[in-house]
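Participant: Questions regarding the structure given below will be posed in turn.
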Amino acid sequence: MAALDWQDTLAEMIGHRTISSGNPALDCGNREAVDDLAARLESNGFDCTITPMPGRDDKVNLVARLGPAEHAAEHGLVFAGHIDTVPYDDSGWHSDPFTLTERDGKLYGLGTCDMKGFIAIAAGAASEYAAGDLAAPISLLVSADEECGMDGARALLDAHREHGQRPGRFCVIGEPTNLVPIRQHKGIFMETVEVHGASGHSSDPALGANAIEGMYRAMSAIRELREELAQRQRIAGFPVPHATLNLGAISGGDNANRIPARCRLDIDLRFLPGMTIDDLRAQLRERVDAALAGSDCSVEFRELFAGTPAFETAGDSPIVTACEELAGHEAAAVDFGTEGAFYNAMGMDSVILGPGDIAQAHQPNEYLALDRVEPMQRILHGLVERFCLAE
């Protein structure tokens with residue numbers, strides 16, 4: 001049985017619109033793309049399970065297994081990636097984003113780097129073992145909606161908690177890392193802070209309660225928290241070695257001669273392993289509540305993004321040391337987030353390691369450099385030999 005042609009597989013995936021967006025006009029399902037990929041995998045001996053997201057039949061997860069199911073949870077190896085992409089700016093592309101285009105040693109297309117390219121390469125590499133006698137299974141995990149809320153990974157974790165299901169013991173998530181293994185990354189959550197006052201004529205401050213001035217108090221407290229977090233904990237190896245808090249968007253008021261009744265601030269907070277979303281969110285809200293105590297304004301909090309936990313896999317985990325040896329690079333840390341924390345919570349030691357460059361992700365003319373493919377294939381083959389073949 002011939003192995004899957006990874007480039008042909010990638011071309012088919014790129015041809016499918018699998019955009020995830022909070023804007024319903026842009027959001028797409030992934031069912032057709034996953035069905036086509038599963039058909040290819042099944043024709044090469046994989047056992048495929050497709051699971052719809054709760055309340056959304058057009059968005060699905062795929063687990064495709066090659067090898068004995070009974071040993072998956074204890075010894076299996078998983079190659080994981082999300083099949084959704086971000087939206088795109090049509091005017092910035094020099095070729096059709098949905099047609100795989102090769103030029104100058106690069107493959108262009110929406111998702112080539114982040115991260116359909118890895119899925120295709122992993123599918124091709126794994127399929128080479130279809131006729132072999134695997135001691136432990138290889139699984140390809142393809143998740144839904146990573147870009148918007150990591151809903152696919154959350155659903156997999158929910159299923160694990162309910163039924164004890166997991167596709168393997170060790171996992172490589174092929175996010176773009178320049179072939180450098182990553183064992184730590186920050187968590188993130190986003191919050192909306194809305195201050196409510198009372199409108200009135202600007203000629204007399206007593207006629208209203210100025211929500212912008214209330215937000216000034218809130219922002220002062222938030223900035224104080226930011227400075228404290230920057231000093232509270234530092235971890236060497238992260239590009240930015242401390243937690244960060246960004247005041248990202250603000251709006252309030254409607255006219256210079258009206259006392260503003262409302263002011264809204266959106267923030268994101270990125271935090272280190274060892275910190276938790278619940279604790280940090282509570283600290284943020286307590287600080288703002290205290291800042292507005294005794295004022296004429298009230299405050300309302302809303303989760304803009306519930307959040308993704310920080311990720312850390314032990315440096316002596318077998319998957320970490322194997323990836324370090326095969327990649328020829330010590331495991332590092334990054335500031336962006338992945339599905340890794342959810343898979344670790346399932347009991348799968350995970351490493352983030354992929355052929356793409358994060359600088360190409362979410363950009364017009366996204367590409368995967370062809371000279372990254374062979375090294376990625378070599379790493380994947382080395383992992384299969386270590387974890388899935390009988391000694």
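So you can find residues: chains in the structure tokens are A, B, ... in the order shown, residues in each start at 1, and ligands are numbered from 1 in order.
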Quick one: residues within 7 Å of segment 258-273 of chain A, only C-alpha atoms, excluding same-chain residues fewer than 5 positions away - as a PDB file with C-alpha atoms, in the first residue's frame?
Facilitator:
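File produced: selection06.pdb:
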ATOM      1  CA  LYS A 186       1.569  31.170  28.591  1.00  0.00           C
ATOM      2  CA  GLY A 187      -2.141  31.041  29.281  1.00  0.00           C
ATOM      3  CA  ILE A 188      -4.524  33.782  28.295  1.00  0.00           C
ATOM      4  CA  PHE A 189      -7.933  35.194  29.106  1.00  0.00           C
ATOM      5  CA  MET A 190      -9.766  38.300  27.935  1.00  0.00           C
ATOM      6  CA  GLU A 191     -12.118  40.449  29.970  1.00  0.00           C
ATOM      7  CA  THR A 192     -14.507  43.314  29.346  1.00  0.00           C
ATOM      8  CA  VAL A 193     -14.721  45.959  32.070  1.00  0.00           C
ATOM      9  CA  GLU A 194     -17.699  48.290  31.678  1.00  0.00           C
ATOM     10  CA  VAL A 195     -18.200  51.292  33.923  1.00  0.00           C
ATOM     11  CA  HIS A 196     -21.730  52.691  34.232  1.00  0.00           C
ATOM     12  CA  GLY A 197     -22.462  56.240  35.313  1.00  0.00           C
ATOM     13  CA  ALA A 198     -25.290  58.644  34.502  1.00  0.00           C
ATOM     14  CA  SER A 199     -25.593  61.068  31.602  1.00  0.00           C
ATOM     15  CA  GLY A 200     -26.224  64.772  32.045  1.00  0.00           C
ATOM     16  CA  HIS A 201     -25.392  68.223  30.729  1.00  0.00           C
ATOM     17  CA  SER A 202     -21.663  68.920  30.824  1.00  0.00           C
ATOM     18  CA  GLY A 208     -24.519  63.039  36.089  1.00  0.00           C
ATOM     19  CA  ALA A 209     -21.806  60.504  36.923  1.00  0.00           C
ATOM     20  CA  ASN A 210     -18.892  60.482  34.501  1.00  0.00           C
ATOM     21  CA  ALA A 211     -18.192  56.906  33.406  1.00  0.00           C
ATOM     22  CA  ILE A 212     -14.923  57.881  31.685  1.00  0.00           C
ATOM     23  CA  MET A 215     -12.820  54.129  34.035  1.00  0.00           C
ATOM     24  CA  HIS A 242       6.587  37.593  33.103  1.00  0.00           C
ATOM     25  CA  ALA A 243       2.818  37.930  32.851  1.00  0.00           C
ATOM     26  CA  THR A 244       1.520  40.690  30.569  1.00  0.00           C
ATOM     27  CA  LEU A 245      -1.717  42.664  30.668  1.00  0.00           C
ATOM     28  CA  ASN A 246      -2.769  44.629  27.592  1.00  0.00           C
ATOM     29  CA  LEU A 247      -5.382  47.407  27.581  1.00  0.00           C
ATOM     30  CA  GLY A 248      -6.524  46.647  24.071  1.00  0.00           C
ATOM     31  CA  ALA A 249      -9.690  48.593  23.257  1.00  0.00           C
ATOM     32  CA  ILE A 250     -11.675  51.372  24.901  1.00  0.00           C
ATOM     33  CA  SER A 251     -14.865  53.228  24.048  1.00  0.00           C
ATOM     34  CA  GLY A 252     -17.102  55.638  25.916  1.00  0.00           C
ATOM     35  CA  GLY A 253     -19.201  58.731  25.608  1.00  0.00           C
ATOM     36  CA  ALA A 310      -0.859  27.939  30.667  1.00  0.00           C
ATOM     37  CA  PHE A 311       0.970  24.892  29.325  1.00  0.00           C
ATOM     38  CA  GLU A 312       3.912  23.011  30.776  1.00  0.00           C
TER      39      GLU A 312
END
Participant: Could you pull the residues within 9 Å of Asp133 of chain A, counting only C-alpha atoms, minus those fewer than 5 positions along the same chain, as an NGL selection string?
Facilitator: :A and (67 or 389-390)
Participant: Just N, CA and C atoms for this one: save the residues we selected as a PDB file, in the first residue's frame.
Facilitator:
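Final file, result-v8.pdb:
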ATOM      1  N   GLY A  67      -3.034   1.055  14.016  1.00  0.00           N
ATOM      2  CA  GLY A  67      -2.428   0.178  15.013  1.00  0.00           C
ATOM      3  C   GLY A  67      -3.417  -0.236  16.080  1.00  0.00           C
ATOM      4  N   LEU A 389       7.154   1.225  17.531  1.00  0.00           N
ATOM      5  CA  LEU A 389       7.658  -0.010  16.959  1.00  0.00           C
ATOM      6  C   LEU A 389       8.210  -0.910  18.049  1.00  0.00           C
ATOM      7  N   ALA A 390       8.005  -2.221  17.875  1.00  0.00           N
ATOM      8  CA  ALA A 390       8.516  -3.191  18.832  1.00  0.00           C
ATOM      9  C   ALA A 390      10.044  -3.186  18.814  1.00  0.00           C
TER      10      ALA A 390
END
Participant: Leaving out Asp8 of chain A and any residue of its chain fewer than 5 positions from it, which residues lie within 10 Å of it when counting only C-alpha atoms, given as a PyMOL selection string?
Facilitator: chain A and resi 13-14+100+120+124
Participant: Mind running segment 302-339 of chain A against segment 345-356 of chain A at 8 Å and telling me each contacting residue's nearest atom pair with the distance in Å (one decimal), counting only C-alpha atoms, chain and number ascending, as JSON lines?
Facilitator:
{"residue": "A:Thr313", "atom": "CA", "partner": "A:Asp349", "partner_atom": "CA", "distance": 6.3}
{"residue": "A:Ser317", "atom": "CA", "partner": "A:Asp349", "partner_atom": "CA", "distance": 7.2}
{"residue": "A:Ile319", "atom": "CA", "partner": "A:Asp349", "partner_atom": "CA", "distance": 6.9}
{"residue": "A:Val320", "atom": "CA", "partner": "A:Val351", "partner_atom": "CA", "distance": 6.4}
{"residue": "A:Cys323", "atom": "CA", "partner": "A:Val351", "partner_atom": "CA", "distance": 7.8}
Participant: I'd like the neighbourhood of segment 49-59 of chain A as a tab-separated table (two decimals) with N, CA and C atoms, in the first residue's frame, where a residue qualifies if any of its atoms comes within 9 Å (using only C-alpha atoms), though same-chain residues fewer than 6 positions away should be ignored.
Facilitator:
chain	number	residue	atom	x	y	z
A	28	CYS	N	-17.08	29.28	9.09
A	28	CYS	CA	-17.38	28.13	8.23
A	28	CYS	C	-17.31	26.85	9.05
A	29	GLY	N	-17.97	25.81	8.57
A	29	GLY	CA	-17.81	24.50	9.15
A	29	GLY	C	-16.54	23.83	8.62
A	30	ASN	N	-16.21	22.68	9.21
A	30	ASN	CA	-15.06	21.92	8.72
A	30	ASN	C	-15.43	20.51	8.28
A	31	ARG	N	-16.73	20.18	8.29
A	31	ARG	CA	-17.16	18.80	8.09
A	31	ARG	C	-16.72	18.24	6.74
A	32	GLU	N	-16.87	19.00	5.69
A	32	GLU	CA	-16.51	18.50	4.37
A	32	GLU	C	-15.01	18.23	4.29
A	34	VAL	N	-12.98	17.52	6.78
A	34	VAL	CA	-12.65	16.36	7.61
A	34	VAL	C	-13.12	15.08	6.95
A	35	ASP	N	-14.30	15.09	6.36
A	35	ASP	CA	-14.79	13.89	5.66
A	35	ASP	C	-13.83	13.47	4.55
A	38	ALA	N	-10.67	12.07	6.14
A	38	ALA	CA	-10.93	10.75	6.71
A	38	ALA	C	-11.02	9.69	5.62
A	65	ARG	N	-6.80	6.40	13.75
A	65	ARG	CA	-5.83	5.53	14.42
A	65	ARG	C	-5.28	4.48	13.47
A	144	ALA	N	-11.34	20.93	15.86
A	144	ALA	CA	-12.16	22.02	15.33
A	144	ALA	C	-11.98	23.29	16.16
A	145	ASP	N	-12.13	24.43	15.50
A	145	ASP	CA	-12.32	25.74	16.16
A	145	ASP	C	-11.23	26.12	17.16
A	151	ASP	N	-12.63	25.00	20.95
A	151	ASP	CA	-13.79	24.20	21.29
A	151	ASP	C	-13.56	22.71	21.05
A	152	GLY	N	-12.82	22.38	19.99
A	152	GLY	CA	-12.55	20.97	19.72
A	152	GLY	C	-11.74	20.33	20.83
A	155	ALA	N	-13.87	19.86	23.90
A	155	ALA	CA	-14.78	18.72	23.77
A	155	ALA	C	-14.05	17.40	23.99
Participant: Write out as a list in words each polymer residue whose atoms come within 12 Å of Asp289 of chain A, counting only C-alpha atoms; drop sequence neighbours fewer than 3 positions from it.
Facilitator: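 Listing them by chain and then by number gives Val193, Glu194, Val195, Gly214, Met215, Arg217, Ala218, Met219, Ala221, Ile222, Ala282, Gln283, Leu284, Arg285, Glu286, Leu292, Ala293, Gly294, Ser295, Cys297, Ser298, Val299, Glu300 and Phe301 of chain A.
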Participant: Which residue, A:Phe305, A:Tyr216, A:Phe118, A:Phe79, has the smallest gap to Pro176 of chain A when you use only C-alpha atoms?
Facilitator: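 Smallest distance to Pro176 of chain A is found for A:Phe118.
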Participant: Nearest to Asn44 of chain A: which of A:Ala73, A:Ala122, A:Ala131, A:Ala11 is it, counting only C-alpha atoms?
Facilitator: A:Ala131
Participant: Can you tell me which residues surround Leu77 of chain A at a distance of at most 10 Å, considering only C-alpha atoms, apart from same-chain residues fewer than 3 positions away, and format the answer as a PyMOL selection string?
Facilitator: chain A and resi 65+72-74+80+136-140+167-172+319+348-350+383-384+386-388
Participant: Take the residues just selected and output them with N, CA and C atoms as a tab-separated table (two decimals), in the first residue's frame.
Facilitator:
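Okay, this is what ended up in result_7.tsv:
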chain	number	residue	atom	x	y	z
A	65	ARG	N	-6.80	6.40	13.75
A	65	ARG	CA	-5.83	5.53	14.42
A	65	ARG	C	-5.28	4.48	13.47
A	72	ALA	N	-3.59	2.18	23.10
A	72	ALA	CA	-3.50	3.61	22.77
A	72	ALA	C	-3.26	4.47	24.01
A	73	ALA	N	-4.10	4.33	25.03
A	73	ALA	CA	-4.04	5.24	26.17
A	73	ALA	C	-2.73	5.12	26.94
A	74	GLU	N	-2.13	3.91	26.95
A	74	GLU	CA	-0.92	3.71	27.73
A	74	GLU	C	0.35	4.03	26.95
A	80	ALA	N	-1.10	15.89	16.43
A	80	ALA	CA	-2.32	16.69	16.57
A	80	ALA	C	-2.20	18.03	15.85
A	136	ALA	N	2.46	-0.09	19.34
A	136	ALA	CA	1.57	0.93	19.90
A	136	ALA	C	1.05	1.77	18.74
A	137	PRO	N	-0.18	2.27	18.84
A	137	PRO	CA	-0.79	2.95	17.71
A	137	PRO	C	-0.24	4.36	17.47
A	138	ILE	N	-0.37	4.78	16.21
A	138	ILE	CA	-0.16	6.17	15.82
A	138	ILE	C	-1.55	6.74	15.54
A	139	SER	N	-1.85	7.90	16.10
A	139	SER	CA	-3.14	8.54	15.84
A	139	SER	C	-2.93	9.94	15.31
A	140	LEU	N	-3.77	10.31	14.37
A	140	LEU	CA	-3.81	11.67	13.87
A	140	LEU	C	-5.06	12.32	14.47
A	167	PRO	N	-6.65	9.45	22.96
A	167	PRO	CA	-6.12	8.73	21.80
A	167	PRO	C	-4.70	8.24	21.96
A	168	GLY	N	-3.98	8.68	23.01
A	168	GLY	CA	-2.59	8.25	23.15
A	168	GLY	C	-2.00	8.72	24.45
A	169	ARG	N	-0.74	8.37	24.65
A	169	ARG	CA	-0.02	8.77	25.86
A	169	ARG	C	0.89	9.97	25.62
A	170	PHE	N	1.43	10.06	24.41
A	170	PHE	CA	2.34	11.14	24.05
A	170	PHE	C	1.82	11.85	22.81
A	171	CYS	N	2.01	13.17	22.77
A	171	CYS	CA	1.37	13.97	21.73
A	171	CYS	C	2.34	15.04	21.21
A	172	VAL	N	2.38	15.18	19.89
A	172	VAL	CA	3.10	16.28	19.24
A	172	VAL	C	2.07	17.15	18.54
A	319	ILE	N	8.66	12.27	25.85
A	319	ILE	CA	8.37	12.92	24.58
A	319	ILE	C	9.18	14.20	24.43
A	348	MET	N	-1.99	13.20	28.38
A	348	MET	CA	-1.05	13.05	27.28
A	348	MET	C	0.08	14.06	27.44
A	349	ASP	N	1.29	13.59	27.70
A	349	ASP	CA	2.43	14.51	27.70
A	349	ASP	C	2.59	15.07	26.29
A	350	SER	N	2.60	16.39	26.18
A	350	SER	CA	2.57	17.02	24.86
A	350	SER	C	3.77	17.93	24.64
A	383	LEU	N	10.12	9.59	16.03
A	383	LEU	CA	9.20	9.40	17.14
A	383	LEU	C	8.44	8.09	17.02
A	384	VAL	N	8.00	7.76	15.81
A	384	VAL	CA	7.31	6.47	15.61
A	384	VAL	C	8.22	5.32	15.97
A	386	ARG	N	10.63	5.27	18.06
A	386	ARG	CA	10.86	5.21	19.50
A	386	ARG	C	9.66	4.73	20.30
A	387	PHE	N	8.47	5.19	19.88
A	387	PHE	CA	7.28	4.97	20.72
A	387	PHE	C	6.31	3.91	20.20
A	388	CYS	N	6.40	3.55	18.93
A	388	CYS	CA	5.36	2.70	18.36
A	388	CYS	C	5.85	1.37	17.79
Participant: Considering only C-alpha atoms, state which residue in the set A:Ile83, A:Leu110, A:Leu37, A:Ala3 is at the smallest distance from Asp96 of chain A.
Facilitator: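 Residue with the minimum atom-to-atom distance to Asp96 of chain A: A:Leu110.
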